[in-house]
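Here's final-v2.cif, which has mmCIF, C-alpha atoms:
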```cif
data_coords
loop_
_atom_site.label_atom_id
_atom_site.label_comp_id
_atom_site.auth_asym_id
_atom_site.auth_seq_id
_atom_site.Cartn_x
_atom_site.Cartn_y
_atom_site.Cartn_z
CA MET S 1 -169.00 -58.48 -26.70
CA ASN S 2 -171.66 -59.05 -29.17
CA LEU S 3 -170.92 -62.68 -29.10
CA VAL S 4 -171.24 -62.74 -25.32
CA ILE S 5 -174.58 -60.96 -25.53
CA ILE S 6 -175.75 -63.42 -28.17
CA PHE S 7 -174.68 -66.31 -25.95
CA GLN S 8 -176.43 -64.69 -23.01
CA VAL S 9 -179.61 -64.30 -25.04
CA VAL S 10 -179.36 -67.89 -26.26
CA LEU S 11 -178.68 -69.00 -22.71
CA LEU S 12 -181.68 -67.05 -21.39
CA VAL S 13 -183.91 -68.46 -24.14
CA ALA S 14 -182.69 -71.98 -23.35
CA ALA S 15 -183.25 -71.41 -19.61
CA SER S 16 -186.73 -70.06 -20.35
CA ALA S 17 -187.49 -73.08 -22.56
CA LEU S 18 -186.18 -75.34 -19.84
CA CYS S 19 -188.39 -73.61 -17.24
CA ILE S 20 -191.42 -73.90 -19.53
CA GLY S 21 -190.62 -77.57 -20.10
CA LEU S 22 -190.27 -78.13 -16.36
CA ILE S 23 -193.60 -76.40 -15.76
CA ILE S 24 -195.26 -78.64 -18.37
CA TYR S 25 -193.73 -81.81 -16.90
CA PHE S 26 -194.61 -80.77 -13.34
CA ASN S 27 -198.16 -80.13 -14.54
CA ARG S 28 -198.30 -83.62 -16.06
CA ILE S 29 -196.88 -85.16 -12.89
CA THR S 30 -199.42 -83.22 -10.80
CA ASN S 31 -202.25 -84.42 -13.03
CA SER S 32 -201.01 -88.01 -12.75
CA ILE S 33 -200.86 -87.72 -8.96
CA LYS S 34 -204.39 -86.24 -8.93
CA THR S 35 -205.62 -89.16 -11.06
CA ILE S 36 -203.92 -91.66 -8.76
CA GLU S 37 -205.44 -89.91 -5.73
CA LYS S 38 -208.88 -89.97 -7.35
CA ASP S 39 -208.52 -93.69 -8.14
CA PHE S 40 -207.30 -94.37 -4.62
CA ASN S 41 -210.25 -92.50 -3.11
CA GLN S 42 -212.63 -94.45 -5.37
CA LEU S 43 -210.98 -97.71 -4.33
CA THR S 44 -211.24 -96.71 -0.67
CA SER S 45 -214.93 -95.87 -0.99
CA ASP S 46 -215.53 -99.20 -2.79
CA LEU S 47 -213.63 -101.17 -0.12
CA LYS S 48 -215.52 -99.72 2.86
CA PRO S 49 -218.76 -101.68 2.17
CA LEU S 50 -216.71 -104.81 1.47
CA ILE S 51 -214.90 -104.45 4.79
CA LYS S 52 -218.20 -103.84 6.61
CA SER S 53 -219.79 -106.91 5.05
CA SER S 54 -216.69 -108.98 5.84
CA VAL S 55 -216.85 -107.90 9.48
CA SER S 56 -220.57 -108.69 9.57
CA LEU S 57 -219.93 -112.09 7.99
CA SER S 58 -217.19 -112.81 10.51
CA GLU S 59 -219.50 -111.90 13.40
CA ASN S 60 -222.24 -114.14 12.00
CA ILE S 61 -219.80 -117.03 11.58
CA ASN S 62 -218.62 -116.57 15.18
CA GLU S 63 -222.23 -116.54 16.40
CA VAL S 64 -223.09 -119.70 14.44
CA THR S 65 -219.95 -121.39 15.73
CA GLU S 66 -220.85 -120.54 19.32
CA LYS S 67 -224.38 -121.87 18.84
CA ALA S 68 -223.00 -125.05 17.26
CA LYS S 69 -220.63 -125.51 20.20
CA ASP S 70 -223.55 -125.09 22.60
CA GLN S 71 -225.60 -127.64 20.66
CA VAL S 72 -222.72 -130.13 20.62
CA GLU S 73 -222.21 -129.67 24.35
CA MET S 74 -225.93 -130.17 24.95
CA SER S 75 -225.88 -133.30 22.79
CA LYS S 76 -222.92 -134.65 24.76
CA ASN S 77 -224.81 -134.07 28.00
CA ILE S 78 -227.92 -135.80 26.67
CA VAL S 79 -225.90 -138.78 25.43
CA SER S 80 -224.13 -138.99 28.80
CA GLU S 81 -227.45 -138.94 30.68
CA VAL S 82 -228.94 -141.58 28.38
CA LYS S 83 -225.84 -143.74 28.83
CA GLU S 84 -226.08 -143.46 32.62
CA ARG S 85 -229.77 -144.39 32.58
CA VAL S 86 -229.19 -147.34 30.26
CA GLU S 87 -226.38 -148.57 32.50
CA LEU S 88 -228.68 -148.17 35.51
CA LEU S 89 -231.45 -150.12 33.76
CA LEU S 90 -229.01 -152.83 32.75
CA GLY S 91 -227.88 -153.04 36.36
CA TYR S 92 -231.49 -153.43 37.52
CA GLU S 93 -232.10 -156.04 34.80
CA GLU S 94 -229.03 -157.96 35.96
CA LYS S 95 -230.16 -157.84 39.60
CA ILE S 96 -233.69 -158.93 38.67
CA ARG S 97 -232.39 -161.77 36.51
CA GLU S 98 -230.06 -162.94 39.26
CA GLY S 99 -232.89 -162.72 41.80
CA VAL S 100 -235.36 -164.58 39.59
CA GLU S 101 -233.06 -167.16 37.99
CA GLY S 102 -232.23 -169.00 41.20
CA PRO S 103 -235.81 -169.60 42.37
CA VAL S 104 -237.14 -170.15 38.84
CA PHE S 105 -234.46 -172.72 38.04
CA GLY S 106 -235.18 -174.42 41.37
CA LEU S 107 -238.91 -174.48 40.54
CA ILE S 108 -238.21 -175.80 37.04
CA LYS S 109 -235.95 -178.53 38.48
CA ASN S 110 -238.63 -179.50 40.99
CA LEU S 111 -241.36 -179.53 38.34
CA SER S 112 -239.13 -181.55 36.03
CA ALA S 113 -238.39 -184.03 38.81
CA LEU S 114 -242.09 -184.21 39.66
CA ALA S 115 -242.96 -184.81 35.98
CA ASN S 116 -240.32 -187.55 35.79
CA GLY S 117 -241.67 -189.10 38.99
CA VAL S 118 -245.25 -189.03 37.70
CA ASP S 119 -244.10 -190.46 34.38
CA LYS S 120 -242.23 -193.29 36.14
CA PHE S 121 -245.23 -193.90 38.37
CA TRP S 122 -247.58 -194.20 35.38
CA ASN S 123 -245.12 -196.43 33.55
CA THR S 124 -244.78 -198.66 36.57
CA LEU S 125 -248.54 -198.70 37.15
CA LYS S 126 -249.20 -199.68 33.51
CA LYS S 127 -246.88 -202.66 33.72
#
```
Could you take the file, read its structure, and then write that structure out as structure tokens?
Amino acid sequence: MNLVIIFQVVLLVAASALCIGLIIYFNRITNSIKTIEKDFNQLTSDLKPLIKSSVSLSENINEVTEKAKDQVEMSKNIVSEVKERVELLLGYEEKIREGVEGPVFGLIKNLSALANGVDKFWNTLKK
């Protein structure tokens, strides 16, 4: 029986050593988890301002984009109005030219014929 008692004592000492070892390893694991949690909390607190500034930047970019779209639309409207007015002016110019060309060409033809007649008359009179 002594041998059984010795084995029991050895077994109890081994179990106690194993329990102490487990407590030490669980303590290390707990400390590692606490360190990871602390690092994660630090990372979270560092990311919050970055996220806020990213959201602010995104809002500003959206606002600038909307303003640019408005400006482009306004420019398109201005160009369209200028185009319409230029076309209208060109139409008036065409109508005026057509209205003036006929009588002016007729007058020029008559003046040219009159000048030729006077020239012929003077040439004939000189001879």
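Note that the spacing between CA of Leu50 in chain S and CA of Thr35 in chain S amounts to 22.9 Å.
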As AutoDock Vina command-line options: centre and edge lengths in Å, one decimal, of the axis-aligned box holding range 110-115 of chain S with 5 Å per side:
```
--center_x -240.7 --center_y -182.2 --center_z 38.5 --size_x 14.6 --size_y 15.3 --size_z 15.0
```
**OP:** For CA of Asn62 in chain S and CA of Asn77 in chain S, determine how far apart the two atoms are, in Å to one decimal place.
**Re:** 22.6 Å
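Between CA of Gly106 in chain S and CA of Glu94 in chain S the interatomic distance comes to 18.4 Å.
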Pull chain S out of the block and emit C-alpha atoms, as a JSON list (two decimals), in the first residue's frame.
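This went into selection-v2.json:
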```json
[["chain", "number", "residue", "atom", "x", "y", "z"],
["S", 1, "MET", "CA", 0.00, 0.00, 0.00],
["S", 2, "ASN", "CA", 2.85, 2.26, 0.55],
["S", 3, "LEU", "CA", 3.55, 2.24, -3.09],
["S", 4, "VAL", "CA", -0.04, 3.21, -3.84],
["S", 5, "ILE", "CA", 0.16, 6.07, -1.37],
["S", 6, "ILE", "CA", 3.42, 7.21, -2.91],
["S", 7, "PHE", "CA", 1.84, 7.10, -6.36],
["S", 8, "GLN", "CA", -1.16, 8.99, -5.03],
["S", 9, "VAL", "CA", 1.11, 11.65, -3.53],
["S", 10, "VAL", "CA", 3.09, 11.87, -6.76],
["S", 11, "LEU", "CA", -0.15, 12.04, -8.70],
["S", 12, "LEU", "CA", -1.51, 14.80, -6.43],
["S", 13, "VAL", "CA", 1.76, 16.74, -6.72],
["S", 14, "ALA", "CA", 1.67, 16.36, -10.51],
["S", 15, "ALA", "CA", -2.00, 17.44, -10.61],
["S", 16, "SER", "CA", -1.16, 20.43, -8.40],
["S", 17, "ALA", "CA", 1.77, 21.35, -10.65],
["S", 18, "LEU", "CA", -0.49, 20.98, -13.66],
["S", 19, "CYS", "CA", -3.12, 23.23, -12.05],
["S", 20, "ILE", "CA", -0.47, 25.82, -11.18],
["S", 21, "GLY", "CA", 0.84, 25.64, -14.74],
["S", 22, "LEU", "CA", -2.66, 26.06, -16.12],
["S", 23, "ILE", "CA", -3.24, 29.05, -13.85],
["S", 24, "ILE", "CA", 0.01, 30.63, -15.08],
["S", 25, "TYR", "CA", -0.85, 30.00, -18.75],
["S", 26, "PHE", "CA", -4.41, 31.26, -18.29],
["S", 27, "ASN", "CA", -2.96, 34.37, -16.64],
["S", 28, "ARG", "CA", -0.66, 34.91, -19.63],
["S", 29, "ILE", "CA", -3.53, 34.36, -22.06],
["S", 30, "THR", "CA", -5.68, 36.81, -20.07],
["S", 31, "ASN", "CA", -2.89, 39.40, -20.13],
["S", 32, "SER", "CA", -2.48, 38.92, -23.88],
["S", 33, "ILE", "CA", -6.21, 39.37, -24.41],
["S", 34, "LYS", "CA", -6.15, 42.51, -22.23],
["S", 35, "THR", "CA", -3.25, 43.89, -24.31],
["S", 36, "ILE", "CA", -5.10, 43.11, -27.54],
["S", 37, "GLU", "CA", -8.24, 44.77, -26.14],
["S", 38, "LYS", "CA", -6.23, 47.83, -25.10],
["S", 39, "ASP", "CA", -4.63, 48.05, -28.57],
["S", 40, "PHE", "CA", -8.02, 47.60, -30.21],
["S", 41, "ASN", "CA", -9.54, 50.36, -28.07],
["S", 42, "GLN", "CA", -6.61, 52.65, -28.94],
["S", 43, "LEU", "CA", -7.05, 51.84, -32.64],
["S", 44, "THR", "CA", -10.78, 52.53, -32.37],
["S", 45, "SER", "CA", -10.20, 55.89, -30.68],
["S", 46, "ASP", "CA", -7.62, 56.78, -33.36],
["S", 47, "LEU", "CA", -9.96, 55.78, -36.20],
["S", 48, "LYS", "CA", -12.94, 57.85, -35.01],
["S", 49, "PRO", "CA", -11.41, 61.23, -36.02],
["S", 50, "LEU", "CA", -10.25, 59.72, -39.31],
["S", 51, "ILE", "CA", -13.75, 58.47, -40.05],
["S", 52, "LYS", "CA", -15.25, 61.86, -39.11],
["S", 53, "SER", "CA", -12.82, 63.71, -41.36],
["S", 54, "SER", "CA", -13.48, 61.23, -44.19],
["S", 55, "VAL", "CA", -17.22, 61.81, -43.87],
["S", 56, "SER", "CA", -16.66, 65.57, -43.81],
["S", 57, "LEU", "CA", -14.41, 65.33, -46.87],
["S", 58, "SER", "CA", -17.01, 63.25, -48.68],
["S", 59, "GLU", "CA", -19.72, 65.80, -47.89],
["S", 60, "ASN", "CA", -17.50, 68.64, -49.12],
["S", 61, "ILE", "CA", -16.73, 66.75, -52.34],
["S", 62, "ASN", "CA", -20.45, 66.14, -52.90],
["S", 63, "GLU", "CA", -21.17, 69.83, -52.32],
["S", 64, "VAL", "CA", -18.44, 70.92, -54.73],
["S", 65, "THR", "CA", -19.67, 68.43, -57.31],
["S", 66, "GLU", "CA", -23.22, 69.76, -57.03],
["S", 67, "LYS", "CA", -22.00, 73.33, -57.42],
["S", 68, "ALA", "CA", -19.91, 72.33, -60.43],
["S", 69, "LYS", "CA", -22.92, 70.64, -62.00],
["S", 70, "ASP", "CA", -24.97, 73.79, -61.44],
["S", 71, "GLN", "CA", -22.25, 75.92, -63.02],
["S", 72, "VAL", "CA", -21.98, 73.60, -66.03],
["S", 73, "GLU", "CA", -25.75, 73.66, -66.46],
["S", 74, "MET", "CA", -25.74, 77.46, -66.24],
["S", 75, "SER", "CA", -22.92, 77.62, -68.79],
["S", 76, "LYS", "CA", -24.88, 75.36, -71.14],
["S", 77, "ASN", "CA", -27.90, 77.63, -70.82],
["S", 78, "ILE", "CA", -25.82, 80.74, -71.52],
["S", 79, "VAL", "CA", -24.18, 79.14, -74.55],
["S", 80, "SER", "CA", -27.59, 78.04, -75.83],
["S", 81, "GLU", "CA", -29.00, 81.56, -75.43],
["S", 82, "VAL", "CA", -25.98, 83.11, -77.15],
["S", 83, "LYS", "CA", -26.29, 80.60, -79.98],
["S", 84, "GLU", "CA", -29.98, 81.43, -80.44],
["S", 85, "ARG", "CA", -29.26, 85.16, -80.50],
["S", 86, "VAL", "CA", -26.40, 84.76, -82.96],
["S", 87, "GLU", "CA", -28.62, 82.67, -85.22],
["S", 88, "LEU", "CA", -31.33, 85.33, -84.94],
["S", 89, "LEU", "CA", -28.83, 88.08, -85.82],
["S", 90, "LEU", "CA", -27.53, 86.05, -88.75],
["S", 91, "GLY", "CA", -31.10, 85.61, -89.94],
["S", 92, "TYR", "CA", -31.67, 89.38, -89.75],
["S", 93, "GLU", "CA", -28.36, 90.00, -91.54],
["S", 94, "GLU", "CA", -29.41, 87.59, -94.29],
["S", 95, "LYS", "CA", -32.80, 89.28, -94.66],
["S", 96, "ILE", "CA", -31.21, 92.75, -94.73],
["S", 97, "ARG", "CA", -28.62, 91.65, -97.28],
["S", 98, "GLU", "CA", -31.29, 90.10, -99.48],
["S", 99, "GLY", "CA", -33.43, 93.22, -99.16],
["S", 100, "VAL", "CA", -30.55, 95.58, -99.94],
["S", 101, "GLU", "CA", -28.69, 93.57, -102.58],
["S", 102, "GLY", "CA", -31.45, 93.67, -105.17],
["S", 103, "PRO", "CA", -31.99, 97.45, -105.19],
["S", 104, "VAL", "CA", -28.29, 98.23, -104.69],
["S", 105, "PHE", "CA", -27.26, 95.98, -107.57],
["S", 106, "GLY", "CA", -29.97, 97.57, -109.71],
["S", 107, "LEU", "CA", -28.69, 101.05, -108.78],
["S", 108, "ILE", "CA", -25.09, 100.03, -109.47],
["S", 109, "LYS", "CA", -26.11, 98.60, -112.87],
["S", 110, "ASN", "CA", -27.98, 101.81, -113.72],
["S", 111, "LEU", "CA", -25.07, 103.99, -112.59],
["S", 112, "SER", "CA", -22.65, 101.82, -114.54],
["S", 113, "ALA", "CA", -24.83, 102.05, -117.64],
["S", 114, "LEU", "CA", -25.15, 105.81, -117.16],
["S", 115, "ALA", "CA", -21.35, 106.13, -116.78],
["S", 116, "ASN", "CA", -20.85, 104.06, -119.94],
["S", 117, "GLY", "CA", -23.40, 106.21, -121.78],
["S", 118, "VAL", "CA", -21.73, 109.44, -120.65],
["S", 119, "ASP", "CA", -18.33, 108.03, -121.60],
["S", 120, "LYS", "CA", -19.60, 107.05, -125.06],
["S", 121, "PHE", "CA", -21.23, 110.46, -125.43],
["S", 122, "TRP", "CA", -17.98, 112.27, -124.59],
["S", 123, "ASN", "CA", -15.99, 110.00, -126.89],
["S", 124, "THR", "CA", -18.43, 110.61, -129.70],
["S", 125, "LEU", "CA", -18.50, 114.35, -129.02],
["S", 126, "LYS", "CA", -14.68, 114.55, -129.07],
["S", 127, "LYS", "CA", -14.47, 112.91, -132.47]]
```
